[in-house]
Structures are given as structure tokens and as C-alpha cells.
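Colleague: The structure is given below, and queries will be raised subsequently.
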Amino acid sequence: MGFFAKIYYKFHRFIRAIQLFLMIAGPGIIVMIADNDAGGITTYSVTGSKFGYSLMWFLVLLGPVAYCVQEMTVRLGAVTKRGHAEAIFDAFGSFWGWFSLLDLVLTDWLTMITEFVGMTAAMSIFHVPPAVTVLCVWSLMIFMVVQGKYWTWEKMALLFCIINLIYVPAAFLIHPSIKDILYNSFIPHLPKGGFSADLSFLLMANIGTTIAPWMLFFQQSTVVDKNMQEKDIPYGRVDTAMGAVATVLVAVFLIAITGKLLYGMPIESAAQAAIKLMPINQWVGTFVAIGLFDAGFLGAICISLASSWAWGEVFGWAHSLNHKVREAPWFYAYYVFDLMLAGTVVLIPKAPLVLITLFVQVISVTLLPAALVFLILLLNDEETMGKYKNTLLENILNIGIVVTLIIISTMYGLGTLFPNIYNWIK
Amino acid sequence: MPNKINRLSEQFKNIFRVWIQAIRDTDAKYKKPRIKMTLGVRIALISLRVYLIILISLSFFKLFTLIYQGH
């Protein structure tokens, strides 16, 4: 083969690989960006205003952590061709299966409420009443799933993922110090005042928004619904890694905005941050509000589907976005029920919605170790996973993540019981 | 009107029965776990579960305390 023929052949193979990747890409990017949901945007806004740039490194660290966890679901889904709920029921029996399903349903429902909180608060900035927002969101979300094609749903979701990156140009509008961002992103350090119950709460909330139980169920179900095969696992890994980078970028750039412009201000939510930003820079305030709505919407479409898939898998209902409504009535009925229930809670007058939003992140992260233990056990089942089972290094990393989560949850629990316990660490 | 209420309640009862049956069928289908766990692993999992439930209860305790304090 001549020199030019070799180059042409390699170029052709490269183009084919890109085309294949573009066909396979989706679940990883969607799940990772959707995890920057309304609760996430609120958590980052509060983190930036309370601690400035000093916790950026923690979010950068959470990127690889999220990748390690989610990559396992890609392998598990591609090898077993089963959703996460079904895999747990099958491997560990109904006792542990029901526990996992109830964890998922509880955290999903609570998180769905926070998505609606975010969306209604964001649209209130543009003077849209909450009831109108809820009705419009219900209609749009139902429209997205009833057309009966996974592919169409995924492309629409990817469009909302692109909008989620709005925080990156917004951050450049305020000319943040790149040197400060780089220093705070890569040099771990405690913020001024040292460790405190407040800090442990925000660390928990940040973990809770980066990795959550619904993400495990969602990505594995999308891998199955997309019919990904074992040979597609490398593409799934790239897809997940790209999503992890995007999720960290959004978090860091939002903290860059709130840490620079709102540091020291008593910010309690992303909507409040957007309102405070409006007089400082109208464009940045508007971008934050749009991003908040988008984050809530993206989170809501993924979370409600994660629950529907899980119920479908466990009860043996038809559960694919490729099915028409009449072919999978229970799957779509649960999806709509979940939306309606969460949307209605938001319309209750005087509910402490911001406080609920932050607590939901904490509850998610507290329940996460239980879900991760099952995932690790499944990935070590040689009979099922064969050559795709976890390596020793992967096990060390993932068990380390579980232990760290339990330690941080414990520290938070201690801080709740004894509020002054961390006063000696300064 | 009472007929309508009766019919509606009968429909609800039917849906409820279907759900209970679906839960029973699922229980029967997954009665035997494919992966056998040792007693040690089972105890560790149950302990972890109980511990996490305690932590969740603490979170709810704090949430209600803050709401009560008017935050």
C-alpha cells in the first residue's frame, strides 16, 4: 500500500470512528449535564457567594469521581442489556431490589420538586406566573416523549444540554481572573474559617448534585434503550468523559460568576443570584436565569424517565421511548404522574422551596453509598461481566468513593447533632 | 350518583388489586437472588442501610428544625 493510500485509509477510519461516536454519543453527555440540574445551579450559586472561588478544586475533583461511577453503568448496561433496577432485583433478590427502587423513587420525586422550583423561580424573573410555567413544562415534556422515538428524544435533550453551557460565555462577560480560577481549581485548600457544619453541608450538597442515585439508573437504562453493544463501550466511555468535563466546566464557570460578583452576599438560591446580578450586569443575570430554567427542565426530563424505566423493568411493563403510548401505557402513565405530582407541590403557597432544594441534594448523597455498593458488587460478578468486570484499580477507586461519601455524610450528621463540634478545626 | 361513585370505587379497587398482584409476581420472580451473598456481606449491607436511614432521619430533623425556626 502506498504512502498516500495509507494516509487516506487512516483518515477514512478516523472519520468512520467520529461518525460512529456521534451515533453512540448521548447518554453520557445528557446524564452528566443533566446532573447540573436546578438544585445543582442553586448549590453552585450558594457555594460561590459563600466561599468565593475556594471550593472550585472540590468540583474539579468531583468530575473524575462522577466519571468513575457512571462508566460502570455503561459497561453494566452494554453487557447485561438490562436496566439498573432489573439488574439489582435479578442479582440480589426482591428484598434489596425494593429497597433500591424505593430509594430511587423517593430521591427522584424530591429532586423533581427541586427542578420545578428552579424552573418556576427562573421564569418568575421574566414575570411568568408559576402556574403558567408548570403547565407549559408539563406540555413540552409530554410532547418530548410521546413521539415514540428514543433518537428524537435524545437529540432534543442534547439541544437543552447545549443551552446548559450558557454559563461559560456568561462568565467571560465579567472578565474573571483566569489565574485565580486555575489556582482555586487545582490547588486544594479549605476556605477562610476552616471546616464548619456549613461547609460540610455545602460539600455534601455539591457531591449530591454531581453524583446522584437517579444518574446510575438513568444512564444504564439509556444505554439499554439505545441498544449499545459491548463493542460500543469505548465510545460510551468517551461520551461519559466528555459529559464529565462539561459538567465541571458549568460548575466552575458559575462559581466564577457568583464568586466574583456576589461573594459575601447572603444568597440562598440561583434565582436570587440572577436577580442580584441583573443590576450589576443585565446579560449575566439573564443568562443565569435562562440557564436555571434549562437546568431544571433537563433534570426533570431525565429524572422522570429514570423512574419510569425502573418501574417498567421491575414490573415487566413495556418501557422504551421507542414504544408508542398505547404500546407502553404504564411507562408513560408513571412519567406523567411523576411530572404532575412534582409540579403540583411547587404551586403550594409558602412552601420553603429553597431550603428543600438544598436538603434534597444532601438526602441524595446520603443514599448514594447504598446504590454504589450494589453497582460495585454487580461489576465484580465475573459470570455476568466476563472481561468487563472491574479491575483492582477500579475497585480501589470506587470503594474509596463509597468510603469518602460515608465519612462526609457522617461528618454532616455529627454537625447536625452537635453544631459546635467543628469549632476546634480552624 | 351513588352508582357512579360505586363504579369509580370499584375501578380504583381493581387498579389496586392489579398493583398488589404485580408486586407479588415481582417478588416471586426475583425470590432467589442470582448472586449468593455471604452472611458477613449481608450483615454489612444491612448495617450500612440502617446507618444511612439514621443519617437521613437526622437530615429531616434538621430540615424541620430550620423550618420551625423560620428560615
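Simple scheme: letters A, B, ... for chains in C-alpha cells order, numbers from 1 for residues in each chain, numbers from 1 for ligands in the order shown.
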Residues of chain A within 9 Å of chain B, using only C-alpha atoms, as a PyMOL selection string?
Modeller: chain A and resi 89-95+97+314-316+352+355-356+359+362-363+366-367+369-370+373+378+381+406+409-410+412-413+416-417
Colleague: Counting only C-alpha atoms, which of A:Ala371, A:Ile33, A:Val252, A:Ala333 gets nearest to Leu159 in chain A?
Modeller: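 Looking only at the distances to Leu159 in chain A, the closest residue turns out to be A:Ile33.
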Colleague: So, with only C-alpha atoms as the atoms that count, which of A:Ala171, A:Met72, A:Ala157, A:Val288 lies closest to Pro27 in chain A?
Modeller: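 Residue with the minimum atom-to-atom distance to Pro27 in chain A: A:Ala157.
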Colleague: With only C-alpha atoms as the basis for distance, which of A:Asn322, A:Gln361, A:Ser308, A:Asn164 is at the shortest distance from Val248 in chain A?
Modeller: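 For Val248 in chain A, the nearest of the candidates is A:Asn164.
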Colleague: Skipping near chain neighbours, those fewer than 5 positions away, what residues fall within 8 Å of Thr210 in chain A using only C-alpha atoms, listed as a PyMOL selection string?
Modeller: chain A and resi 32+35-36+40+62-63+66
Colleague: Store the residues picked out above in a file with N, CA and C atoms, as a PDB file, in the first residue's frame.
Modeller:
```pdb
ATOM      1  N   MET A  32     -24.612  13.579  32.433  1.00  0.00           N
ATOM      2  CA  MET A  32     -23.653  14.415  33.157  1.00  0.00           C
ATOM      3  C   MET A  32     -24.098  15.874  33.188  1.00  0.00           C
ATOM      4  N   ASP A  35     -27.047  16.480  35.339  1.00  0.00           N
ATOM      5  CA  ASP A  35     -26.792  16.468  36.780  1.00  0.00           C
ATOM      6  C   ASP A  35     -26.457  17.867  37.281  1.00  0.00           C
ATOM      7  N   ASN A  36     -26.165  18.802  36.363  1.00  0.00           N
ATOM      8  CA  ASN A  36     -26.132  20.233  36.717  1.00  0.00           C
ATOM      9  C   ASN A  36     -27.561  20.742  36.648  1.00  0.00           C
ATOM     10  N   GLY A  40     -28.484  21.761  41.401  1.00  0.00           N
ATOM     11  CA  GLY A  40     -27.045  21.948  41.206  1.00  0.00           C
ATOM     12  C   GLY A  40     -26.701  23.416  41.009  1.00  0.00           C
ATOM     13  N   LEU A  62     -14.614  16.329  41.656  1.00  0.00           N
ATOM     14  CA  LEU A  62     -15.833  15.528  41.508  1.00  0.00           C
ATOM     15  C   LEU A  62     -16.069  15.058  40.067  1.00  0.00           C
ATOM     16  N   GLY A  63     -15.431  15.725  39.097  1.00  0.00           N
ATOM     17  CA  GLY A  63     -15.572  15.317  37.690  1.00  0.00           C
ATOM     18  C   GLY A  63     -15.113  13.879  37.477  1.00  0.00           C
ATOM     19  N   ALA A  66     -17.374  11.376  39.270  1.00  0.00           N
ATOM     20  CA  ALA A  66     -18.622  11.103  38.541  1.00  0.00           C
ATOM     21  C   ALA A  66     -18.353  10.185  37.356  1.00  0.00           C
TER      22      ALA A  66
END
```
Colleague: List the spatial neighbours of Val224 in chain A as a list of chain:residue names - criterion: any atom at most 10 Å away, only C-alpha atoms, same-chain residues fewer than 6 positions off excluded.
Modeller: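 So, after excluding close chain neighbours, the residues are A:Val74, A:Leu76, A:Gly77, A:Ala78, A:Val79, A:Thr80, A:Lys81, A:Arg82, A:Gly83, A:His84, A:Phe218, A:Ser320.
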Colleague: State, in Å with one decimal place, the distance from CA of His323 in chain A to CA of Lys149 in chain A.
Modeller: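 Computed distance, CA of His323 in chain A to CA of Lys149 in chain A, equals 7.2 Å.
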Colleague: Give me, as a ChimeraX atom specification, the residues of chain B that a backbone DSSP run labels alpha helix (DSSP H).
Modeller: /B:2-29,39-68
